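Structure file my_file-v2.cif; described as mmCIF, C-alpha atoms and all ligand atoms.
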data_data
#
loop_
_atom_site.label_atom_id
_atom_site.label_comp_id
_atom_site.auth_asym_id
_atom_site.auth_seq_id
_atom_site.Cartn_x
_atom_site.Cartn_y
_atom_site.Cartn_z
CA MET T 18 -29.40 -5.32 33.23
CA ARG T 19 -31.94 -8.04 34.05
CA VAL T 20 -31.99 -9.12 37.68
CA LEU T 21 -33.72 -12.15 39.20
CA ILE T 22 -34.27 -11.67 42.94
CA LEU T 23 -35.11 -14.85 44.85
CA GLY T 24 -36.95 -14.22 48.12
CA ALA T 25 -38.26 -10.93 46.71
CA THR T 26 -41.09 -10.67 49.27
CA GLY T 27 -38.79 -10.93 52.32
CA LEU T 28 -37.14 -8.30 54.51
CA LEU T 29 -34.04 -7.97 52.31
CA GLY T 30 -35.67 -9.07 49.05
CA GLN T 31 -38.09 -6.11 49.11
CA ALA T 32 -35.19 -3.67 49.59
CA CYS T 33 -33.20 -5.35 46.79
CA VAL T 34 -36.17 -5.03 44.41
CA ARG T 35 -36.41 -1.28 45.21
CA GLN T 36 -32.65 -0.76 44.80
CA ALA T 37 -32.45 -2.74 41.54
CA ARG T 38 -35.29 -0.61 40.10
CA ALA T 39 -33.60 2.55 41.36
CA ILE T 40 -30.45 1.75 39.36
CA GLY T 41 -32.55 1.13 36.25
CA ALA T 42 -32.50 -2.68 36.14
CA ASP T 43 -35.34 -4.85 34.81
CA VAL T 44 -36.36 -6.84 37.88
CA VAL T 45 -38.07 -10.20 38.18
CA GLY T 46 -38.93 -11.05 41.78
CA ALA T 47 -39.56 -14.65 42.86
CA ALA T 48 -41.02 -16.28 45.97
CA ARG T 49 -43.57 -19.01 46.67
CA SER T 50 -46.34 -16.40 46.38
CA GLY T 51 -46.91 -12.66 46.12
CA SER T 52 -44.22 -11.95 43.53
CA GLU T 53 -43.91 -11.86 39.71
CA LEU T 54 -42.69 -15.45 39.63
CA ASP T 55 -44.22 -18.08 41.92
CA MET T 56 -41.59 -20.73 42.60
CA ASP T 57 -40.50 -23.02 45.41
CA VAL T 58 -36.71 -23.39 45.50
CA THR T 59 -37.03 -26.83 47.11
CA ARG T 60 -38.84 -28.24 44.03
CA PRO T 61 -36.66 -30.07 41.46
CA GLY T 62 -36.24 -27.99 38.30
CA SER T 63 -37.65 -24.82 39.86
CA LEU T 64 -34.40 -22.87 39.56
CA ASP T 65 -33.89 -23.89 35.91
CA ASN T 66 -37.47 -22.85 35.13
CA ALA T 67 -37.06 -19.47 36.87
CA LEU T 68 -33.80 -18.84 34.99
CA ASP T 69 -35.47 -19.72 31.68
CA ALA T 70 -38.33 -17.31 32.45
CA ALA T 71 -36.21 -14.42 33.71
CA ALA T 72 -33.05 -14.78 31.55
CA PRO T 73 -31.07 -12.75 34.11
CA ASP T 74 -27.65 -11.14 33.92
CA LEU T 75 -27.58 -11.25 37.72
CA VAL T 76 -29.26 -13.48 40.33
CA VAL T 77 -29.49 -12.22 43.92
CA ASN T 78 -30.46 -15.04 46.28
CA CYS T 79 -32.32 -13.53 49.24
CA ALA T 80 -34.50 -16.64 49.72
CA GLY T 81 -33.95 -18.27 53.08
CA LEU T 82 -35.53 -20.19 55.91
CA THR T 83 -34.94 -17.70 58.73
CA ASP T 84 -37.24 -19.22 61.38
CA LEU T 85 -34.74 -20.75 63.83
CA ASP T 86 -37.36 -23.02 65.46
CA LEU T 87 -38.47 -24.41 62.09
CA CYS T 88 -34.84 -25.02 61.07
CA GLU T 89 -34.38 -27.09 64.29
CA ARG T 90 -37.59 -29.04 63.71
CA ASP T 91 -36.93 -29.69 60.01
CA PRO T 92 -33.21 -29.63 59.20
CA GLY T 93 -33.91 -31.23 55.81
CA LEU T 94 -36.14 -28.32 54.80
CA ALA T 95 -33.53 -25.87 56.16
CA TYR T 96 -30.89 -27.53 53.93
CA ALA T 97 -33.25 -27.50 50.94
CA VAL T 98 -33.84 -23.73 51.25
CA ASN T 99 -30.64 -22.38 52.80
CA ALA T 100 -27.97 -24.55 51.19
CA ARG T 101 -28.89 -26.64 48.13
CA PRO T 102 -30.06 -23.76 45.86
CA ALA T 103 -26.72 -21.99 46.38
CA GLY T 104 -24.85 -24.97 44.94
CA ILE T 105 -27.20 -25.22 41.96
CA LEU T 106 -27.05 -21.47 41.24
CA ALA T 107 -23.25 -21.43 41.50
CA ALA T 108 -22.98 -24.21 38.89
CA LEU T 109 -25.67 -22.72 36.63
CA GLY T 110 -24.09 -19.26 36.87
CA ASP T 111 -20.85 -20.67 35.52
CA SER T 112 -22.55 -22.60 32.69
CA ARG T 113 -25.22 -20.02 31.75
CA GLY T 114 -23.09 -16.93 32.31
CA PHE T 115 -25.09 -14.94 34.88
CA ARG T 116 -23.52 -13.29 37.92
CA PHE T 117 -24.56 -14.72 41.29
CA VAL T 118 -24.86 -12.95 44.63
CA HIS T 119 -25.70 -15.20 47.58
CA ILE T 120 -26.85 -13.77 50.91
CA SER T 121 -25.35 -15.54 53.91
CA THR T 122 -25.49 -14.63 57.59
CA ASP T 123 -23.32 -13.48 60.49
CA HIS T 124 -24.74 -16.25 62.72
CA PHE T 125 -21.34 -17.96 63.04
CA PHE T 126 -19.57 -16.54 66.09
CA VAL T 127 -19.89 -17.08 69.84
CA ALA T 128 -18.27 -15.87 73.06
CA GLY T 129 -16.22 -13.11 71.43
CA GLY T 130 -18.24 -10.24 72.88
CA ARG T 131 -17.76 -7.09 70.81
CA THR T 132 -15.20 -8.63 68.40
CA ALA T 133 -15.49 -7.56 64.74
CA HIS T 134 -14.99 -10.86 62.88
CA LYS T 135 -13.11 -10.98 59.59
CA GLU T 136 -14.12 -13.09 56.59
CA ASP T 137 -11.54 -15.74 57.61
CA SER T 138 -12.25 -15.79 61.37
CA PRO T 139 -12.98 -19.32 62.70
CA VAL T 140 -16.69 -20.11 62.88
CA THR T 141 -18.80 -21.99 65.46
CA LEU T 142 -22.12 -23.44 64.30
CA VAL T 143 -24.61 -23.56 67.18
CA ASN T 144 -27.90 -24.46 65.46
CA GLU T 145 -29.41 -25.86 62.25
CA TYR T 146 -29.91 -22.39 60.77
CA ALA T 147 -26.18 -21.70 61.14
CA ARG T 148 -25.19 -25.14 59.86
CA THR T 149 -27.32 -24.87 56.72
CA LYS T 150 -26.38 -21.23 56.03
CA TYR T 151 -22.68 -22.10 56.34
CA CYS T 152 -23.19 -25.01 53.97
CA GLY T 153 -24.93 -22.61 51.54
CA GLU T 154 -22.03 -20.19 51.48
CA ARG T 155 -19.50 -23.01 50.95
CA LEU T 156 -21.57 -24.33 48.02
CA ALA T 157 -21.90 -20.83 46.51
CA LEU T 158 -18.15 -20.26 46.79
CA LEU T 159 -17.47 -23.29 44.58
CA SER T 160 -18.02 -20.77 41.77
CA PRO T 161 -15.04 -18.40 41.48
CA GLN T 162 -17.50 -15.80 40.11
CA ALA T 163 -19.93 -15.87 43.06
CA LEU T 164 -20.20 -13.01 45.54
CA VAL T 165 -21.24 -14.21 49.01
CA ILE T 166 -22.38 -11.54 51.46
CA ARG T 167 -22.16 -12.18 55.20
CA THR T 168 -24.52 -9.76 56.88
CA SER T 169 -27.27 -8.96 59.35
CA MET T 170 -30.03 -6.46 58.79
CA LEU T 171 -32.64 -4.15 60.29
CA GLY T 172 -35.75 -3.18 58.43
CA PHE T 173 -39.43 -3.67 57.75
CA ARG T 174 -40.88 -6.92 56.43
CA ARG T 175 -44.46 -5.63 56.68
CA ARG T 176 -45.79 -9.21 56.57
CA GLY T 177 -45.51 -12.29 58.77
CA ALA T 178 -43.39 -12.24 61.92
CA ALA T 179 -42.32 -8.79 63.17
CA THR T 180 -38.66 -7.94 62.63
CA LEU T 181 -36.50 -6.63 65.50
CA ALA T 182 -36.97 -3.07 64.19
CA GLU T 183 -40.76 -3.48 63.84
CA TRP T 184 -41.03 -4.93 67.36
CA ALA T 185 -38.73 -2.29 68.88
CA ILE T 186 -40.45 0.72 67.28
CA ALA T 187 -43.91 -0.50 68.38
CA ALA T 188 -42.68 -1.24 71.93
CA ILE T 189 -40.86 2.11 72.19
CA GLU T 190 -43.91 4.04 70.99
CA ARG T 191 -46.04 2.40 73.71
CA ASP T 192 -43.22 2.58 76.31
CA GLU T 193 -43.82 -1.13 77.01
CA PRO T 194 -41.89 -3.26 79.50
CA MET T 195 -39.00 -4.87 77.62
CA THR T 196 -35.85 -6.85 78.33
CA LEU T 197 -32.89 -5.62 76.29
CA PHE T 198 -30.01 -8.00 75.60
CA ALA T 199 -26.71 -6.46 76.63
CA ASP T 200 -24.66 -9.58 75.78
CA ALA T 201 -25.76 -10.11 72.15
CA PHE T 202 -23.58 -8.13 69.74
CA THR T 203 -24.20 -7.35 66.08
CA SER T 204 -23.17 -5.14 63.16
CA SER T 205 -26.68 -5.09 61.67
CA ILE T 206 -27.16 -2.58 58.88
CA ASP T 207 -30.43 -1.09 57.61
CA THR T 208 -31.79 -2.88 54.55
CA ASP T 209 -31.62 0.19 52.27
CA SER T 210 -27.89 0.69 52.92
CA LEU T 211 -27.33 -3.07 52.58
CA ALA T 212 -29.18 -3.32 49.25
CA ALA T 213 -27.24 -0.31 47.90
CA ALA T 214 -23.95 -1.95 48.95
CA ILE T 215 -24.90 -5.30 47.39
CA PHE T 216 -25.54 -3.82 43.92
CA ASP T 217 -22.52 -1.51 44.20
CA LEU T 218 -20.25 -4.47 45.07
CA ASP T 219 -21.64 -6.41 42.10
CA GLN T 220 -21.06 -3.45 39.75
CA ARG T 221 -17.48 -3.18 41.02
CA GLY T 222 -16.83 -6.85 40.19
CA ALA T 223 -16.47 -8.09 43.79
CA VAL T 224 -16.34 -11.88 44.17
CA GLY T 225 -15.71 -14.24 47.08
CA LEU T 226 -16.77 -13.77 50.68
CA VAL T 227 -17.45 -10.17 51.80
CA ASN T 228 -18.80 -8.93 55.13
CA VAL T 229 -21.37 -6.13 54.76
CA GLY T 230 -22.77 -4.48 57.87
CA SER T 231 -22.54 -1.43 60.05
CA SER T 232 -19.00 -0.24 60.70
CA ALA T 233 -19.94 -0.34 64.41
CA VAL T 234 -20.36 -3.40 66.63
CA TYR T 235 -23.12 -2.78 69.16
CA SER T 236 -25.36 -4.73 71.54
CA LYS T 237 -29.08 -5.23 70.89
CA ALA T 238 -29.68 -3.13 74.03
CA GLU T 239 -27.57 -0.28 72.66
CA PHE T 240 -29.53 -0.41 69.39
CA VAL T 241 -32.94 -0.15 71.08
CA ARG T 242 -31.78 2.68 73.37
CA ARG T 243 -30.31 4.62 70.40
CA LEU T 244 -33.53 4.06 68.45
CA ALA T 245 -35.61 5.39 71.35
CA ASP T 246 -33.35 8.49 71.58
CA ALA T 247 -33.74 9.13 67.85
CA MET T 248 -37.53 8.79 68.21
CA GLY T 249 -37.48 11.24 71.14
CA LYS T 250 -38.99 8.63 73.48
CA ARG T 251 -38.18 7.53 77.03
CA LEU T 252 -37.89 3.86 78.01
CA SER T 253 -39.44 3.87 81.49
CA HIS T 254 -39.94 0.11 81.76
CA ALA T 255 -36.86 -1.30 79.99
CA THR T 256 -34.56 -3.65 81.87
CA THR T 257 -31.29 -5.18 80.75
CA GLY T 258 -31.05 -8.96 80.39
CA SER T 259 -29.19 -11.80 78.75
CA ALA T 260 -29.79 -13.71 75.51
CA ALA T 261 -27.93 -16.74 76.91
CA GLY T 262 -31.05 -18.70 77.88
CA LEU T 263 -32.81 -18.47 74.50
CA ARG T 264 -33.57 -21.75 72.73
CA PRO T 265 -32.57 -22.78 70.14
CA ARG T 266 -29.18 -21.49 71.18
CA ARG T 267 -28.19 -18.28 69.39
CA ALA T 268 -24.77 -17.15 68.28
CA ASP T 269 -24.07 -14.01 70.32
CA SER T 270 -20.90 -12.35 69.03
CA LEU T 271 -21.97 -11.31 65.57
CA GLY T 272 -19.82 -8.26 64.94
CA LEU T 273 -18.40 -8.12 61.42
CA ASP T 274 -15.21 -6.46 60.26
CA VAL T 275 -16.37 -4.61 57.13
CA THR T 276 -13.03 -3.17 56.01
CA ARG T 277 -12.86 -5.41 52.90
CA ALA T 278 -16.27 -4.16 51.72
CA GLU T 279 -15.35 -0.53 52.48
CA ALA T 280 -12.11 -0.88 50.47
CA ILE T 281 -14.00 -2.24 47.42
CA LEU T 282 -16.81 0.34 47.77
CA GLU T 283 -14.32 3.17 48.41
CA ARG T 284 -16.68 4.59 51.06
CA PRO T 285 -17.42 3.94 54.72
CA LEU T 286 -20.37 1.81 55.72
CA PRO T 287 -22.76 3.45 58.23
CA GLY T 288 -22.16 3.55 61.97
CA LEU T 289 -25.01 2.98 64.45
CA ASN T 290 -26.35 6.57 64.28
CA LYS T 291 -26.60 6.45 60.47
CA VAL T 292 -28.19 2.97 60.57
CA VAL T 293 -30.88 4.26 62.95
CA GLU T 294 -31.45 7.44 60.89
CA SER T 295 -31.82 5.47 57.68
CA LEU T 296 -34.12 2.95 59.36
CA LEU T 297 -36.44 5.66 60.65
CA ARG T 298 -36.45 7.41 57.24
CA SER T 299 -37.68 4.23 55.53
CA ARG T 300 -40.40 3.58 58.14
N1 LIG R 1 -33.23 -11.05 58.83
C1 LIG R 1 -31.98 -10.98 59.27
O1 LIG R 1 -31.67 -10.27 60.23
C2 LIG R 1 -30.90 -11.76 58.57
C3 LIG R 1 -29.62 -11.74 59.17
C4 LIG R 1 -28.58 -12.39 58.51
C5 LIG R 1 -28.79 -13.03 57.31
N2 LIG R 1 -30.04 -13.08 56.77
C6 LIG R 1 -30.20 -13.79 55.51
O2 LIG R 1 -30.68 -12.87 54.55
C7 LIG R 1 -31.54 -13.52 53.63
C8 LIG R 1 -32.86 -12.77 53.61
O3 LIG R 1 -33.42 -12.80 54.92
P1 LIG R 1 -34.81 -12.11 55.22
O4 LIG R 1 -34.81 -11.72 56.65
O5 LIG R 1 -35.11 -11.13 54.14
O6 LIG R 1 -35.77 -13.38 55.06
P2 LIG R 1 -37.36 -13.39 55.10
O7 LIG R 1 -37.91 -12.04 55.37
O8 LIG R 1 -37.74 -14.54 55.96
O9 LIG R 1 -37.71 -13.72 53.58
C9 LIG R 1 -37.38 -14.95 53.00
C10 LIG R 1 -37.79 -14.93 51.56
O10 LIG R 1 -37.53 -16.23 51.01
C11 LIG R 1 -38.73 -16.73 50.42
N3 LIG R 1 -38.77 -18.18 50.55
C12 LIG R 1 -38.78 -18.90 51.70
N4 LIG R 1 -38.86 -20.21 51.41
C13 LIG R 1 -38.90 -20.30 50.06
C14 LIG R 1 -39.01 -21.38 49.16
N5 LIG R 1 -39.09 -22.65 49.57
N6 LIG R 1 -39.03 -21.13 47.82
C15 LIG R 1 -38.97 -19.85 47.38
N7 LIG R 1 -38.87 -18.78 48.18
C16 LIG R 1 -38.84 -19.00 49.51
C17 LIG R 1 -39.85 -16.03 51.20
O11 LIG R 1 -41.07 -15.97 50.52
P3 LIG R 1 -42.22 -17.09 50.67
O12 LIG R 1 -42.14 -17.58 52.08
O13 LIG R 1 -43.48 -16.40 50.31
O14 LIG R 1 -41.84 -18.13 49.67
C18 LIG R 1 -39.27 -14.64 51.35
O15 LIG R 1 -39.46 -13.91 50.14
C19 LIG R 1 -31.66 -14.97 54.11
O16 LIG R 1 -30.76 -15.75 53.39
C20 LIG R 1 -31.23 -14.91 55.57
O17 LIG R 1 -30.64 -16.12 55.98
C21 LIG R 1 -31.10 -12.45 57.38
#

Can I see the file as structure tokens?
Ligand SMILES: NC(=O)c1ccc[n+]([C@@H]2O[C@H](COP(=O)([O-])OP(=O)(O)OC[C@H]3O[C@@H](n4cnc5c(N)ncnc54)[C@H](OP(=O)(O)O)[C@@H]3O)[C@@H](O)[C@H]2O)c1
Amino acid sequence: MRVLILGATGLLGQACVRQARAIGADVVGAARSGSELDMDVTRPGSLDNALDAAAPDLVVNCAGLTDLDLCERDPGLAYAVNARPAGILAALGDSRGFRFVHISTDHFFVAGGRTAHKEDSPVTLVNEYARTKYCGERLALLSPQALVIRTSMLGFRRRGAATLAEWAIAAIERDEPMTLFADAFTSSIDTDSLAAAIFDLDQRGAVGLVNVGSSAVYSKAEFVRRLADAMGKRLSHATTGSAAGLRPRRADSLGLDVTRAEAILERPLPGLNKVVESLLRSR
């Protein structure tokens, strides 16, 4: 199997490259720089050229503009990265015959607290990131063959801005003062478990919209405290706070109901303890 991974240098893209190699696929990674294929998804013709070069059986689109501030400042760029390529890849997948997996987000739900949202739960779009990501998944789903994954993840980018896990581990190790959000809920899953689930769902022929995350819904504060426990560290200077004042406004009730994914995979997805264990193993 030949796999083209867009956004191969990112947090999830790196894990997808590792997983694709682990299952014996020939992998071509693409990003603007630092990968096998240098390409900018916003440039006309770039996707056609990448598909000609890679001749994939499967395209996994992990490319995204994930900087919320930049998405607010430049909604056109956010659309060009987060939405437009999904529509092009959906159409090209149907005409060229490759399978297409598009990575969406969980950033669609507010004020539900610890609710685990289903694939058909009503969405609320609170910022440009959410608007363009939602547009991307709608465009991808125009292909009946596309698999669109709603998710959130924890892992190591090892370049650029620190991820939540990278920040938390460094702050825990130094026992730094920190404010932990008790009112922001998530089902984030470690990137290794997520990448394994993505390729497994593809191999099992899954199509349509599928939530993939931890089977648990937990607050960001609960995650950091569990991580500190697993690292055998005390948080002497941690206080509990609220994410409500952050700007741009964040969605805060991001729990996902993952029962559809678990039924297709025929196995449970990891709870919080397993997510933390797997995260620390891949450190
Ligand atoms: N991180 C999370 O917690 C999270 C949660 C939910 C959903 N997601 C979604 O999951 C996907 C992956 O997220 P991530 O955290 O792995 O993102 P990331 O670490 O920011 O990586 C983004 C990737 O996209 C590439 N990229 C950005 N702009 C590009 C362009 N114009 N042309 C080509 N490549 C471009 C980046 O490489 P270059 O910049 O070098 O081009 C990088 O490889 C995204 O769709 C994101 O919306 C992420």

* Could you state the separation of CA of Asp209 in chain T and CA of Ser169 in chain T in Å, given to one decimal place? -> 12.4 Å

* Residues up to 8 Å from ligand LIG 1 (chain R), counting only C-alpha atoms and all ligand atoms: could you list those as a count of residues only? => 46

Can you tell me, as a PDB file with C-alpha atoms, in the coordinates of the input, what residues are no more than 9 Å from Ala261 in chain T when counting only C-alpha atoms, ignoring any on the same chain fewer than 6 positions away?
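Below is the file out_15.pdb, written as the result:
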ATOM      1  CA  ASP T 200     -24.660  -9.580  75.780  1.00  0.00           C
ATOM      2  CA  ALA T 201     -25.760 -10.110  72.150  1.00  0.00           C
ATOM      3  CA  ARG T 267     -28.190 -18.280  69.390  1.00  0.00           C
ATOM      4  CA  ASP T 269     -24.070 -14.010  70.320  1.00  0.00           C
TER       5      ASP T 269
END

Here's a test: counting all atoms listed in the file, identify every protein, DNA and RNA residue with an atom at most 9 Å from (-19.1, 4.9, 64.3) in the file's coordinate frame, and state them as a tab-separated table (two decimals) with C-alpha atoms, in the frame of the given file.
chain	number	residue	atom	x	y	z
T	231	SER	CA	-22.54	-1.43	60.05
T	232	SER	CA	-19.00	-0.24	60.70
T	233	ALA	CA	-19.94	-0.34	64.41
T	234	VAL	CA	-20.36	-3.40	66.63
T	287	PRO	CA	-22.76	3.45	58.23
T	288	GLY	CA	-22.16	3.55	61.97
T	289	LEU	CA	-25.01	2.98	64.45
T	290	ASN	CA	-26.35	6.57	64.28
T	291	LYS	CA	-26.60	6.45	60.47

* Give the answer as one residue: which of T:Ser259, T:Ser160, T:Thr276, T:Ser52 has the shortest atom-to-atom distance to Gly110 in chain T, using all atoms listed in the file? =>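 Checking each of T:Ser259, T:Ser160, T:Thr276, T:Ser52 against Gly110 in chain T, counting all atoms listed in the file, the winner is T:Ser160.
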
* Asked: Can you list, as a ChimeraX atom specification, every protein, DNA or RNA residue that comes within 6 Å of Leu75 in chain T when you count only C-alpha atoms, leaving out same-chain residues fewer than 5 positions away?
  -> /T:20,115-117

For C-alpha atoms, I'd like the residues from the last selection saved as a PDB file, in the frame of the given file.
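Writing the result to again01.pdb gives the following:
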ATOM      1  CA  VAL T  20     -31.990  -9.120  37.680  1.00  0.00           C
ATOM      2  CA  PHE T 115     -25.090 -14.940  34.880  1.00  0.00           C
ATOM      3  CA  ARG T 116     -23.520 -13.290  37.920  1.00  0.00           C
ATOM      4  CA  PHE T 117     -24.560 -14.720  41.290  1.00  0.00           C
TER       5      PHE T 117
END

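Reported to one decimal place, the separation of CA of Ser270 in chain T from CA of Ala107 in chain T is 29.1 Å.
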
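The interatomic distance for the pair CA of Ala108 in chain T and CA of Leu159 in chain T works out to 8.0 Å.
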
* Asked: Between T:Leu142, T:Val127, T:Val165, T:Leu109, which one has atoms that come closest to Ala72 in chain T, using all atoms listed in the file?
  ->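 Residue with the minimum atom-to-atom distance to Ala72 in chain T: T:Leu109.
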
* Long-range neighbours of range 293-300 of chain T as a PyMOL selection string, 10 Å cut-off, only C-alpha atoms, 2 positions minimum in chain -> chain T and resi 171-173+182-183+186+206-210+240-241+243-248+287-291

* To do: May I have the residues within 9 Å of range 220-222 of chain T as a PyMOL selection string, using only C-alpha atoms and disregarding those fewer than 3 positions away in the same chain?
  => chain T and resi 162+164+215-217+281-282

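Distance check against Leu85 in chain T using only C-alpha atoms: of T:Val292, T:Leu211, T:Leu218, T:Ala268, the minimum falls on T:Ala268.
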
* Check the smallest atom-to-atom distance from each of T:Cys88, T:Ala278, T:Leu94, T:Ala213 to Val34 in chain T using all atoms listed in the file, then report the winner. =>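 For Val34 in chain T, the nearest of the given residues is T:Ala213.
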
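The nearest approach to Leu54 in chain T among the residues T:Gln36, T:Thr149, T:Val275, T:Ile22, with only C-alpha atoms taken into account, belongs to T:Ile22.
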